[in-house]
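Scroll down for the structure; my scribbles are underneath it.
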Amino acid sequence: MGEPETTSPDPLAEVRQRAYQAIDQWLDSFLPLLSTPETPTLLELSEHLFKTRSQLLGTCLQAILDHILSHYTQLRQTSCPTCARRLYRKRLEPKKLTTLHGTVEIERPYFYCVACRQGFHPLDEALELAREVHQYDVQQKLAGLAAELPYGRAVEQFEQLTGVPVGEHVSHETLNRIAQEIRFEDVIPERAEIERRIEKARPANGELPVLVVAVDGAHSPIRPAGGRREKRGPGYWRETKGFRLYLSSAEGRILPLASWHQIETAEKLTQHLQLAAERVPLDRVTVALVGDGAPWVWHAMEGSFPEAHQVLDYYHCAEHVWTVANAQYDDDSLEAQSWAETTLVRLYMGWVSDVLGGLKRMKPINDSAAEEVSKLINYLEEHRHRVHYDEAREQGLPRGSGGIESANKFLVHARLKRSGAWWLEANGNGMLRLRCAIYNGTFDRLFRKYVSSKRKSASKNLKDP
């Protein structure tokens with residue numbers, strides 16, 4: 001007979017025992033619900049499970065941490081990461097950690113190098129611990145929620161959804177801390193991701209999908225800096241400039257690629273748009289530029305996409321036509337309506353020269369009408385190569401700037417222009433960067449970069465006391 005088989009010891013035996021005990025205690029908490037004559041509803045059972053799950057999961061997480069950290073708690077000596085001197089442990093320092101799965105406590109060995117005048121916890125780097133009590137999993141979910149809702153409402157919803165209580169100031173500070181680390185390059189999708197989305201949008205007939213580039217501005221409420229007891233002075237409005245790149249499907253659907261909105265100069269936005277253009281495979285799309293009559297808008301787009309089709313926003317053009325109609329004729333009269341609609345049809349068909357000729361022959365009824373007629377003539381002469389709406393329709397190009405207008409509303413207005421809201425410019429821009437990243441689908445990537453940046457910063461502080 002051979003040797004009897006031996007069973008290797010279970011390395012998780014103690015963890016399993018503590019987890020089984022936690023499950024038993026957790027199941028016991030259901031006894032009051034199950035001991036009543038009435039059958040508990042599914043909602044009651046679900047609510048009880050939600051309220052008690054952090055107790056169960058927190059205990060299990062604590063058991064796992066205690067198991068994997070036993071090496072560190074027994075650590076008596078190590079080398080200084082800066083000068084490599086041999087160091088001996090000074091003490092064990094407790095740290096409370098709040099996670100999405102409950103609160104746990106760990107003990108971290110603390111070392112101090114006299115030569116470098118620097119103390120450190122090796123365990124912090126090993127576990128990628130945040131310096132704050134609330135760990136990175138909490139920070140990530142909380143920041144995403146605070147980017148959508150007012151800070152007070154965000155913490156209420158966060159606790160209701162996760163069972164983890166946080167303070168309103170934690171929500172505000174967490175979002176600002178993450179936003180400070182976000183750069184333009186993090187917000188815009190990588191070229192490979194943009195190529196993937198373009199390929200997904202390619203029509204079945206093999207034609208190139210239409211990439212729409214739109215630029216516009218929206219105003220945001222800004223306040224000067226000031227302390228709690230200092231008068232901040234009156235608020236004011238700053239223009240938030242932004243661009244949106246999206247694919248326009250044959251069914252009229254918008255397939256997002258990238259959006260960027262910041263309180264910045266036109267020159268800075270132009271630079272950002274040029275960087276975004278470098279990530280677009282221009283040989284795989286038909287590019288259409290759509291904008292209103294603002295010169296800075298077209299300067300930004302033409303410089304980044306010089307070979308693109310250009311389309312003046314039809315509705316913006318129509319507003320100018322109706323302004324002349326109401327100035328020359330009685331407001332909303334049949335004559336005004338007839339002239340405006342006839343003029344718009346001619347512009348839609350690309351008969352810009354005919355419209356300009358009619359405007360130049362028009363005899364304004366007063367100085368105000370003459371001024372408006374002159375403005376429309378200059379407007380059409382400047383943009384006449386962008387007014388061929390019939391050709392745009394035949395080529396499947398957009399004729400309106402609704403894509404960027406809606407981006408202004410749901411990326412800028414929906415968060416920054418809430419009732420009573422006034423923003424420090426830096427905080428407003430941070431909020432916009434975060435919201436754009438969420439919309440662009442790059443938030444998870446930049447959050448990982450944020451965590452890495454925090455680790456590098458802690459390492460640098462250690463090496464440069």
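In the structure tokens, chains take the letters A, B, ... in the order shown, each chain's residues start at 1, and ligands count up from 1 in the order shown.
By chain and then residue number, the residues within 10 Å of Leu312 of chain A are A:Leu289, A:Val290, A:Gly291, A:Asp292, A:Gly293, A:Trp298, A:Cys317, A:Leu380, A:His383, A:Arg384, A:His385, A:Arg386, A:Val387, A:His388, A:Tyr389, A:Pro398, A:Arg399, A:Gly400, A:Ser401, counting only C-alpha atoms and disregarding those fewer than 5 positions away in sequence.
Restricting the calculation to only C-alpha atoms, the smallest distance between Ala327 of chain A and any of A:Pro32, A:Gly403, A:Gly430, A:Pro364 is found for A:Pro364.
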Those of segment 52-217 of chain A in DSSP strand (DSSP E or B), formatted as a ChimeraX atom specification: /A:77-79,86-88,91-99,102-113,118-120,134,210-217
Pull C-alpha atoms from the residues just selected and write them as a short mmCIF file (atom, residue, chain, number, x, y, z; two decimals), in the first residue's frame.
```cif
data_model
loop_
_atom_site.label_atom_id
_atom_site.label_comp_id
_atom_site.auth_asym_id
_atom_site.auth_seq_id
_atom_site.Cartn_x
_atom_site.Cartn_y
_atom_site.Cartn_z
CA GLN A 77 13.12 46.37 10.12
CA THR A 78 13.41 47.68 6.57
CA SER A 79 15.57 49.92 4.40
CA ARG A 86 18.64 49.95 7.77
CA LEU A 87 15.75 51.16 9.90
CA TYR A 88 13.95 49.62 12.85
CA ARG A 91 5.65 51.57 16.46
CA LEU A 92 2.42 50.24 14.96
CA GLU A 93 0.01 53.01 13.97
CA PRO A 94 -3.69 52.26 13.53
CA LYS A 95 -5.60 53.62 10.54
CA LYS A 96 -9.32 53.58 9.91
CA LEU A 97 -10.37 52.93 6.30
CA THR A 98 -13.81 53.56 4.84
CA THR A 99 -14.55 51.52 1.72
CA GLY A 102 -17.67 48.78 5.12
CA THR A 103 -15.19 50.27 7.57
CA VAL A 104 -12.05 48.39 8.58
CA GLU A 105 -9.03 49.13 10.74
CA ILE A 106 -5.44 48.14 10.14
CA GLU A 107 -2.16 48.58 11.98
CA ARG A 108 0.76 49.91 9.93
CA PRO A 109 4.37 49.64 11.01
CA TYR A 110 5.96 53.08 11.14
CA PHE A 111 9.64 53.71 10.34
CA TYR A 112 11.66 56.89 10.65
CA CYS A 113 15.00 57.76 9.06
CA GLN A 118 11.43 61.35 6.99
CA GLY A 119 8.91 58.85 8.33
CA PHE A 120 6.89 56.40 6.26
CA HIS A 134 -12.36 57.48 2.57
CA VAL A 210 -19.83 62.07 -41.04
CA LEU A 211 -17.78 63.63 -38.25
CA VAL A 212 -19.35 66.87 -37.05
CA VAL A 213 -17.16 69.47 -35.37
CA ALA A 214 -19.01 72.26 -33.58
CA VAL A 215 -17.74 75.12 -31.43
CA ASP A 216 -19.77 77.52 -29.30
CA GLY A 217 -19.81 79.47 -26.06
#
```
Non-local contacts of segment 432-435 of chain A (7 Å; only C-alpha atoms; under 6 positions in same chain excluded) as a ChimeraX atom specification: /A:147,179,182,187,261-262,411-412
Saved selection, atoms kept: N, CA and C atoms, as a PDB file, in the first residue's frame:
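What follows is the written file again.pdb:
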```
ATOM      1  N   ALA A 147     -20.465  65.182  -9.547  1.00  0.00           N
ATOM      2  CA  ALA A 147     -20.379  65.865 -10.835  1.00  0.00           C
ATOM      3  C   ALA A 147     -21.752  66.031 -11.472  1.00  0.00           C
ATOM      4  N   ALA A 179     -10.227  66.772  -9.654  1.00  0.00           N
ATOM      5  CA  ALA A 179     -10.274  67.665 -10.813  1.00  0.00           C
ATOM      6  C   ALA A 179      -8.957  68.392 -11.038  1.00  0.00           C
ATOM      7  N   ILE A 182      -6.715  66.515 -13.396  1.00  0.00           N
ATOM      8  CA  ILE A 182      -7.192  66.201 -14.741  1.00  0.00           C
ATOM      9  C   ILE A 182      -6.604  67.174 -15.755  1.00  0.00           C
ATOM     10  N   VAL A 187      -8.898  63.836 -20.715  1.00  0.00           N
ATOM     11  CA  VAL A 187     -10.340  63.942 -20.953  1.00  0.00           C
ATOM     12  C   VAL A 187     -10.721  63.430 -22.337  1.00  0.00           C
ATOM     13  N   HIS A 261     -15.159  71.621 -22.561  1.00  0.00           N
ATOM     14  CA  HIS A 261     -15.706  72.934 -22.214  1.00  0.00           C
ATOM     15  C   HIS A 261     -14.889  73.508 -21.063  1.00  0.00           C
ATOM     16  N   GLN A 262     -14.424  74.733 -21.245  1.00  0.00           N
ATOM     17  CA  GLN A 262     -13.644  75.408 -20.209  1.00  0.00           C
ATOM     18  C   GLN A 262     -13.859  76.912 -20.289  1.00  0.00           C
ATOM     19  N   LEU A 411     -23.777  69.735 -20.303  1.00  0.00           N
ATOM     20  CA  LEU A 411     -22.447  69.694 -19.697  1.00  0.00           C
ATOM     21  C   LEU A 411     -22.156  70.938 -18.859  1.00  0.00           C
ATOM     22  N   VAL A 412     -22.658  72.080 -19.292  1.00  0.00           N
ATOM     23  CA  VAL A 412     -22.354  73.341 -18.602  1.00  0.00           C
ATOM     24  C   VAL A 412     -23.532  73.801 -17.751  1.00  0.00           C
TER      25      VAL A 412
END
```
Using only C-alpha atoms, which residues of segment 404-463 of chain A come within 12 Å of segment 166-174 of chain A, and what is the closest atom pair for each, with the distance in Å to one decimal? Give it as a Markdown table, sorted by chain and residue number.
```
| residue | atom | partner | partner_atom | distance |
| --- | --- | --- | --- | --- |
| A:Asn427 | CA | A:His172 | CA | 9.7 |
| A:Gly428 | CA | A:His172 | CA | 11.9 |
| A:Gly430 | CA | A:His172 | CA | 11.3 |
| A:Met431 | CA | A:His172 | CA | 10.3 |
| A:Leu434 | CA | A:Thr174 | CA | 11.8 |
| A:Phe447 | CA | A:Thr174 | CA | 11.9 |
| A:Tyr450 | CA | A:Thr174 | CA | 11.7 |
```
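Taking atom CA of Val321 of chain A as the reference point, atom CA of Ala392 of chain A is found at 19.8 Å.
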Residues flagged helix (DSSP H, G or I) by DSSP in segment 158-267 of chain A, as JSON, numbers by chain: {"A": [158, 159, 160, 161, 162, 168, 169, 170, 171, 172, 173, 174, 175, 176, 177, 178, 179, 180, 184, 185, 186, 187, 191, 192, 193, 194, 195, 196, 197, 198, 199, 200, 266, 267]}
Just to be explicit: take each residue in the selection above, keep N, CA and C atoms, and write the result as a compact mmCIF listing (two decimals), in the first residue's frame.
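In the end it all went to selection04.txt:
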```
# COMPACT_ATOMS: atom_id res chain seq x y z
N PHE A 158 -25.52 59.30 -2.28
CA PHE A 158 -24.41 58.35 -2.11
C PHE A 158 -24.69 57.42 -0.94
N GLU A 159 -25.14 57.98 0.17
CA GLU A 159 -25.42 57.14 1.33
C GLU A 159 -26.60 56.21 1.07
N GLN A 160 -27.61 56.71 0.37
CA GLN A 160 -28.76 55.87 0.06
C GLN A 160 -28.38 54.72 -0.87
N LEU A 161 -27.46 54.97 -1.79
CA LEU A 161 -27.09 53.95 -2.78
C LEU A 161 -26.03 52.98 -2.27
N THR A 162 -25.16 53.45 -1.38
CA THR A 162 -24.04 52.61 -0.94
C THR A 162 -24.11 52.23 0.53
N GLU A 168 -20.81 66.57 3.43
CA GLU A 168 -20.88 67.39 2.22
C GLU A 168 -19.52 67.96 1.86
N HIS A 169 -18.74 68.36 2.88
CA HIS A 169 -17.41 68.91 2.60
C HIS A 169 -16.50 67.86 1.99
N VAL A 170 -16.71 66.58 2.33
CA VAL A 170 -15.91 65.51 1.74
C VAL A 170 -16.21 65.41 0.25
N SER A 171 -17.48 65.54 -0.10
CA SER A 171 -17.87 65.49 -1.51
C SER A 171 -17.20 66.62 -2.29
N HIS A 172 -17.25 67.82 -1.74
CA HIS A 172 -16.67 69.00 -2.40
C HIS A 172 -15.16 68.86 -2.53
N GLU A 173 -14.49 68.50 -1.43
CA GLU A 173 -13.03 68.40 -1.44
C GLU A 173 -12.54 67.26 -2.33
N THR A 174 -13.26 66.15 -2.32
CA THR A 174 -12.85 65.01 -3.15
C THR A 174 -12.91 65.36 -4.62
N LEU A 175 -14.01 65.96 -5.05
CA LEU A 175 -14.14 66.31 -6.47
C LEU A 175 -13.07 67.31 -6.88
N ASN A 176 -12.85 68.34 -6.08
CA ASN A 176 -11.83 69.34 -6.44
C ASN A 176 -10.43 68.73 -6.46
N ARG A 177 -10.16 67.83 -5.55
CA ARG A 177 -8.84 67.20 -5.50
C ARG A 177 -8.59 66.37 -6.76
N ILE A 178 -9.59 65.62 -7.18
CA ILE A 178 -9.46 64.83 -8.41
C ILE A 178 -9.38 65.74 -9.62
N ALA A 179 -10.23 66.77 -9.65
CA ALA A 179 -10.27 67.66 -10.81
C ALA A 179 -8.96 68.39 -11.04
N GLN A 180 -8.24 68.68 -9.95
CA GLN A 180 -6.95 69.37 -10.08
C GLN A 180 -5.93 68.54 -10.86
N PHE A 184 -6.23 68.05 -20.17
CA PHE A 184 -6.95 67.89 -21.42
C PHE A 184 -6.69 66.53 -22.05
N GLU A 185 -5.43 66.10 -22.03
CA GLU A 185 -5.06 64.83 -22.64
C GLU A 185 -5.76 63.65 -21.99
N ASP A 186 -6.16 63.80 -20.71
CA ASP A 186 -6.86 62.72 -20.02
C ASP A 186 -8.34 62.68 -20.40
N VAL A 187 -8.90 63.84 -20.71
CA VAL A 187 -10.34 63.94 -20.95
C VAL A 187 -10.72 63.43 -22.34
N ARG A 191 -6.60 57.89 -29.44
CA ARG A 191 -6.86 57.72 -30.87
C ARG A 191 -7.46 56.34 -31.16
N ALA A 192 -6.96 55.30 -30.49
CA ALA A 192 -7.48 53.95 -30.73
C ALA A 192 -8.96 53.85 -30.40
N GLU A 193 -9.38 54.51 -29.32
CA GLU A 193 -10.79 54.48 -28.94
C GLU A 193 -11.63 55.26 -29.95
N ILE A 194 -11.13 56.39 -30.42
CA ILE A 194 -11.85 57.16 -31.43
C ILE A 194 -11.99 56.35 -32.71
N GLU A 195 -10.93 55.67 -33.11
CA GLU A 195 -10.99 54.82 -34.30
C GLU A 195 -12.03 53.71 -34.13
N ARG A 196 -12.10 53.15 -32.94
CA ARG A 196 -13.07 52.08 -32.69
C ARG A 196 -14.49 52.60 -32.83
N ARG A 197 -14.76 53.78 -32.29
CA ARG A 197 -16.11 54.34 -32.38
C ARG A 197 -16.47 54.71 -33.82
N ILE A 198 -15.49 55.21 -34.57
CA ILE A 198 -15.74 55.55 -35.97
C ILE A 198 -16.07 54.30 -36.78
N GLU A 199 -15.32 53.24 -36.54
CA GLU A 199 -15.56 51.99 -37.26
C GLU A 199 -16.94 51.44 -36.93
N LYS A 200 -17.35 51.58 -35.68
CA LYS A 200 -18.65 51.10 -35.26
C LYS A 200 -19.78 51.88 -35.95
N ALA A 266 -10.24 82.17 -26.48
CA ALA A 266 -10.44 81.53 -27.78
C ALA A 266 -9.14 80.90 -28.28
N GLU A 267 -8.02 81.53 -27.99
CA GLU A 267 -6.73 80.99 -28.43
C GLU A 267 -6.45 79.64 -27.75
```
Distance query Gly163 of chain A at most 10 Å, only C-alpha atoms, self and fewer than 6 positions along chain excluded, as a PyMOL selection string: chain A and resi 50-54+100-102+156-157
Distance criterion (only C-alpha atoms): nearest to Ala218 of chain A out of A:Asp332, A:Glu38, A:Glu14, A:Glu405: A:Glu405
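Minimum atom-to-atom distances from A:Val164, A:Met301, A:Arg284, A:Val133 to Ala201 of chain A were compared using only C-alpha atoms, and the lowest value belongs to A:Arg284.
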Near-Ala22 of chain A list (12 Å; only C-alpha atoms; drop same-chain fewer than 4 positions) as a PyMOL selection string: chain A and resi 15-18+26-29+52-63
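Among the candidate residues A:Val297, A:Ala288, A:Leu127, A:Val280, the one lying nearest to Thr265 of chain A is A:Val297, with distances computed using only C-alpha atoms.
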Exercise: Gly420 of chain A partners within 12 Å, only C-alpha atoms, chain neighbours under 3 positions left out, as a PyMOL selection string: chain A and resi 150+221-223+235+415-417+423
For the selection just defined, write its residues with N, CA and C atoms to a file, as a PDB file, in the first residue's frame.
```
ATOM      1  N   PRO A 150     -25.904  68.627  -6.961  1.00  0.00           N
ATOM      2  CA  PRO A 150     -25.329  69.529  -5.946  1.00  0.00           C
ATOM      3  C   PRO A 150     -24.676  68.715  -4.836  1.00  0.00           C
ATOM      4  N   PRO A 221     -21.787  81.383 -14.216  1.00  0.00           N
ATOM      5  CA  PRO A 221     -21.750  82.342 -13.101  1.00  0.00           C
ATOM      6  C   PRO A 221     -20.476  82.176 -12.264  1.00  0.00           C
ATOM      7  N   ILE A 222     -19.671  83.212 -12.193  1.00  0.00           N
ATOM      8  CA  ILE A 222     -18.384  83.171 -11.485  1.00  0.00           C
ATOM      9  C   ILE A 222     -18.407  84.187 -10.349  1.00  0.00           C
ATOM     10  N   ARG A 223     -17.765  83.834  -9.248  1.00  0.00           N
ATOM     11  CA  ARG A 223     -17.654  84.757  -8.113  1.00  0.00           C
ATOM     12  C   ARG A 223     -16.193  84.939  -7.752  1.00  0.00           C
ATOM     13  N   GLY A 235     -20.980  88.757  -8.118  1.00  0.00           N
ATOM     14  CA  GLY A 235     -20.593  87.751  -9.095  1.00  0.00           C
ATOM     15  C   GLY A 235     -20.640  88.337 -10.497  1.00  0.00           C
ATOM     16  N   ARG A 415     -25.123  71.802 -14.535  1.00  0.00           N
ATOM     17  CA  ARG A 415     -24.415  71.737 -13.251  1.00  0.00           C
ATOM     18  C   ARG A 415     -23.975  73.106 -12.763  1.00  0.00           C
ATOM     19  N   LEU A 416     -23.483  73.955 -13.655  1.00  0.00           N
ATOM     20  CA  LEU A 416     -22.941  75.233 -13.217  1.00  0.00           C
ATOM     21  C   LEU A 416     -24.007  76.317 -13.043  1.00  0.00           C
ATOM     22  N   LYS A 417     -25.132  76.189 -13.733  1.00  0.00           N
ATOM     23  CA  LYS A 417     -26.134  77.253 -13.676  1.00  0.00           C
ATOM     24  C   LYS A 417     -27.348  76.865 -12.849  1.00  0.00           C
ATOM     25  N   TRP A 423     -19.520  80.128  -8.866  1.00  0.00           N
ATOM     26  CA  TRP A 423     -18.329  79.290  -8.817  1.00  0.00           C
ATOM     27  C   TRP A 423     -17.050  80.109  -8.840  1.00  0.00           C
TER      28      TRP A 423
END
```
Residues within 8 Å of Trp260 of chain A, only C-alpha atoms, excluding chain neighbours under 5 positions, as JSON, numbers by chain: {"A": [187, 188, 242, 243, 244, 433, 436]}
Please produce a file of the residues just selected, as a tab-separated table (two decimals), in the first residue's frame, where the atoms kept are N, CA and C atoms.
```
chain	number	residue	atom	x	y	z
A	187	VAL	N	-8.90	63.84	-20.71
A	187	VAL	CA	-10.34	63.94	-20.95
A	187	VAL	C	-10.72	63.43	-22.34
A	188	ILE	N	-9.89	63.72	-23.34
A	188	ILE	CA	-10.19	63.32	-24.71
A	188	ILE	C	-9.83	61.84	-24.91
A	242	GLY	N	-16.40	75.93	-25.76
A	242	GLY	CA	-16.30	74.48	-25.86
A	242	GLY	C	-16.44	73.98	-27.28
A	243	PHE	N	-16.02	72.74	-27.48
A	243	PHE	CA	-16.24	72.08	-28.76
A	243	PHE	C	-16.80	70.69	-28.51
A	244	ARG	N	-17.47	70.21	-29.54
A	244	ARG	CA	-18.02	68.86	-29.49
A	244	ARG	C	-17.75	68.16	-30.81
A	433	ARG	N	-14.20	69.81	-16.44
A	433	ARG	CA	-13.28	68.76	-16.90
A	433	ARG	C	-13.78	67.38	-16.49
A	436	CYS	N	-16.93	66.45	-18.54
A	436	CYS	CA	-16.57	66.08	-19.91
A	436	CYS	C	-15.95	64.69	-19.93
```
